[in-house]
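Worksheet: the structure to be examined is printed underneath.
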Amino acid sequence: MEKETLLYEGKAKKLYFTDDSNVLWVEYCDQATALNGARKEQITGKGALNNQITSLIFEKLNAEGLETHFIKKLSKTEQLNKKVSIIPLEVVLRNVVAGSFAKRFGLEEGIVLEEPIVEFYYKDDALDDPFINDEHVKFLNIASDSEIEFLKKQTRKINKILKKIWTEIGLTLVDFKLEFGRLADGSIILADEISPDTSRLWDAKGQHMDKDVFRRNIGDLIETYTEVLNLLEKTK
Ligand code: UDP
């Protein structure tokens, strides 16, 4: 497989074409952002940690028979992904109250939800990724009713697998964000990444083992993500 020209540079990744039009070469970068990109920092080693963590998680999801974009890890910072057209939604699932959900509803962080809640945010930096409902998703022509149902069902199914993975290493999966994409035939598969950048993970002592250490300035991101990777590697 040959790496070709740059297709897209996002906040934390660079996507390159390859000699196969169905495959992208993805490089994870060291930039950390918060407040929708308003705060930016280079953190050496972050890209390698997220690439390795997300590769391990996607390998496990693929092994469970879930359809994902992940093909294989190439190096510490690179992986191959199936080329998809990303659906402009951040699909968030919450098991425990935290972050914007706590703020929106005036709740304490840490309350366990009886049933997981799935939310949609419209991926649009200029609009600050607004919270939207199913009817907005349909109105904006992002997805049809049956696709919306599929996204919710898949997200709940993925939650069950992820909860098992994180519980095995002593972490509580508080919430996480997924992105999905369409293959050329229109089918929808899981895309993007699953890492401490996109998931809230609390340890048994309630310590934050995720990007909140950066967002809230409460710990060292590299030390935290290294611990998460080391724990995950033991379950390989
Ligand atoms: N999240 C993400 N990207 C975003 C916004 C949120 O990956 O642009 C993840 C975040 O890491 C958390 C979950 O989605 O695991 C829910 O985030 P929340 O809505 O609470 O927003 P925050 O408090 O992080 O602003």
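FYI, nothing fancy with the structure tokens labels: chains A, B, ... in order, residues from 1 per chain, ligands from 1 as they appear.
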Q: Check which residues fall inside 7 Å of ligand 1 when counting only C-alpha atoms and all ligand atoms, and print them as a ChimeraX atom specification.
A: /A:35-36,92,98-101,175-177,197-200,211
Q.
With only C-alpha atoms as the counted atoms, please give the residues lying no more than 9 Å from A:Glu67, apart from itself and same-chain residues fewer than 6 positions off, as a PyMOL selection string.
A. chain A and resi 61+188-190
Kindly provide the residues of stretch 138-203 of chain A that approach stretch 10-31 of chain A to within 12 Å, each paired with its closest atom pair and their distance in Å to one decimal, based on only C-alpha atoms, listed by chain and increasing number, as a Markdown table.
```
| residue | atom | partner | partner_atom | distance |
| --- | --- | --- | --- | --- |
| A:Arg182 | CA | A:Asn22 | CA | 11.8 |
| A:Leu183 | CA | A:Asn22 | CA | 8.7 |
| A:Ala184 | CA | A:Asn22 | CA | 8.6 |
| A:Asp185 | CA | A:Asn22 | CA | 11.6 |
| A:Ala191 | CA | A:Leu24 | CA | 11.9 |
| A:Asp192 | CA | A:Lys13 | CA | 9.8 |
| A:Glu193 | CA | A:Tyr28 | CA | 10.1 |
| A:Ser195 | CA | A:Tyr28 | CA | 11.8 |
| A:Asp197 | CA | A:Ala12 | CA | 9.9 |
| A:Thr198 | CA | A:Ala12 | CA | 11.6 |
```
Could you turn the residues from that selection into a file that holds all heavy atoms, as a short mmCIF file (atom, residue, chain, number, x, y, z; two decimals), in the first residue's frame?
```cif
data_model
loop_
_atom_site.label_atom_id
_atom_site.label_comp_id
_atom_site.auth_asym_id
_atom_site.auth_seq_id
_atom_site.Cartn_x
_atom_site.Cartn_y
_atom_site.Cartn_z
N ARG A 182 -20.50 6.54 5.64
CA ARG A 182 -21.13 5.69 4.62
C ARG A 182 -20.09 5.18 3.64
O ARG A 182 -19.26 5.95 3.15
CB ARG A 182 -22.19 6.47 3.83
CG ARG A 182 -23.42 6.82 4.64
CD ARG A 182 -24.53 7.39 3.73
NE ARG A 182 -25.70 7.78 4.53
CZ ARG A 182 -25.87 8.97 5.07
NH1 ARG A 182 -24.97 9.91 4.89
NH2 ARG A 182 -26.95 9.23 5.79
N LEU A 183 -20.15 3.90 3.37
CA LEU A 183 -19.33 3.32 2.31
C LEU A 183 -19.97 3.67 0.97
O LEU A 183 -21.11 4.17 0.93
CB LEU A 183 -19.28 1.79 2.46
CG LEU A 183 -18.49 1.26 3.66
CD1 LEU A 183 -18.74 -0.23 3.84
CD2 LEU A 183 -16.99 1.52 3.47
N ALA A 184 -19.26 3.37 -0.12
CA ALA A 184 -19.78 3.71 -1.45
C ALA A 184 -21.17 3.11 -1.70
O ALA A 184 -22.00 3.72 -2.38
CB ALA A 184 -18.79 3.24 -2.51
N ASP A 185 -21.45 1.94 -1.11
CA ASP A 185 -22.76 1.30 -1.34
C ASP A 185 -23.85 1.86 -0.41
O ASP A 185 -24.98 1.36 -0.39
CB ASP A 185 -22.65 -0.23 -1.17
CG ASP A 185 -22.38 -0.65 0.28
OD1 ASP A 185 -22.30 0.24 1.16
OD2 ASP A 185 -22.27 -1.86 0.53
N ALA A 191 -16.81 4.79 12.33
CA ALA A 191 -15.57 5.39 11.81
C ALA A 191 -14.86 6.16 12.93
O ALA A 191 -15.11 5.92 14.11
CB ALA A 191 -15.91 6.29 10.64
N ASP A 192 -13.96 7.04 12.54
CA ASP A 192 -13.24 7.93 13.46
C ASP A 192 -12.44 7.16 14.50
O ASP A 192 -11.81 6.17 14.18
CB ASP A 192 -14.21 8.93 14.09
CG ASP A 192 -13.50 10.10 14.74
OD1 ASP A 192 -12.62 10.69 14.10
OD2 ASP A 192 -13.80 10.43 15.91
N GLU A 193 -12.42 7.64 15.74
CA GLU A 193 -11.58 7.02 16.77
C GLU A 193 -12.35 6.78 18.06
O GLU A 193 -13.40 7.39 18.28
CB GLU A 193 -10.36 7.90 17.08
CG GLU A 193 -10.66 9.16 17.85
CD GLU A 193 -9.41 9.96 18.24
OE1 GLU A 193 -8.75 9.62 19.23
OE2 GLU A 193 -9.12 10.94 17.53
N SER A 195 -11.01 6.72 21.94
CA SER A 195 -9.80 6.90 22.75
C SER A 195 -10.17 7.74 23.97
O SER A 195 -11.31 8.18 24.09
CB SER A 195 -8.74 7.62 21.90
OG SER A 195 -9.14 8.97 21.73
N ASP A 197 -9.49 10.65 24.23
CA ASP A 197 -9.87 11.97 23.69
C ASP A 197 -11.37 12.04 23.47
O ASP A 197 -11.95 13.13 23.47
CB ASP A 197 -9.21 12.19 22.32
CG ASP A 197 -7.94 13.02 22.41
OD1 ASP A 197 -7.41 13.19 23.53
OD2 ASP A 197 -7.46 13.48 21.34
N THR A 198 -11.99 10.90 23.24
CA THR A 198 -13.41 10.89 22.83
C THR A 198 -14.30 10.13 23.83
O THR A 198 -15.49 9.94 23.55
CB THR A 198 -13.56 10.23 21.44
OG1 THR A 198 -13.15 8.86 21.54
CG2 THR A 198 -12.74 10.93 20.37
#
```
Q. Using only C-alpha atoms, which residue out of A:Arg216, A:Arg104, A:Lys236, A:Lys157 lies closest to A:Ile169?
A.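 Of A:Arg216, A:Arg104, A:Lys236, A:Lys157, the one nearest A:Ile169 is A:Lys236, counting only C-alpha atoms.
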Q) Could you pull out the strand (DSSP E) residues of stretch 20-115 of chain A from DSSP and send them as JSON, numbers by chain? A) {"A": [23, 24, 25, 26, 27, 28, 31, 32, 33, 34, 39, 40, 41, 42, 70, 71, 72, 73, 78, 79, 80, 81, 82, 85, 86, 89, 90, 91, 92, 93, 94, 95, 96, 112, 113, 114, 115]}
Q: Pick out each residue of stretch 99-160 of chain A that DSSP on the backbone tags as helix (DSSP H, G or I); I need them as JSON, numbers by chain.
A: {"A": [99, 100, 101, 102, 103, 104, 105, 125, 126, 127, 134, 135, 136, 137, 138, 139, 145, 146, 147, 148, 149, 150, 151, 152, 153, 154, 155, 156, 157, 158, 159, 160]}
(Q) Taking only C-alpha atoms into account, name the residue in A:Val118, A:Leu232, A:Ile194, A:Ala63 that is nearest to A:Leu151. (A) A:Val118
Q. Counting only C-alpha atoms, what is within 12 Å of A:Gly45, bar same-chain residues fewer than 6 positions away, as a ChimeraX atom specification?
A. /A:28-32,51-52,76-77,221-226
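Relative to atom CA of A:Lys103, atom CA of A:Lys160 is found at 25.6 Å.
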Q: Considering only C-alpha atoms, state which residue in the set A:Leu173, A:Ala34, A:Trp166, A:His136 is at the smallest distance from A:Leu56.
A: A:Trp166
Q. Skipping near chain neighbours, those fewer than 6 positions away, what residues fall within 12 Å of stretch 122-126 of chain A using only C-alpha atoms, listed as a VMD selection string?
A. chain A and resid 10 to 11 35 to 38 86 to 92 132 to 134 136 to 143 177 to 180
**Q.** For atom CA of A:Phe70 and atom CA of A:Ile43, the interatomic separation in Å (one decimal)
**A.**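 Here the two named atoms are 24.6 Å from each other.
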(Q) So, with only C-alpha atoms as the atoms that count, which of A:Glu109, A:Glu135, A:Asp203, A:Glu147 lies closest to A:Glu168? (A)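 Answer, going by the shortest atom-to-atom distance: A:Asp203.
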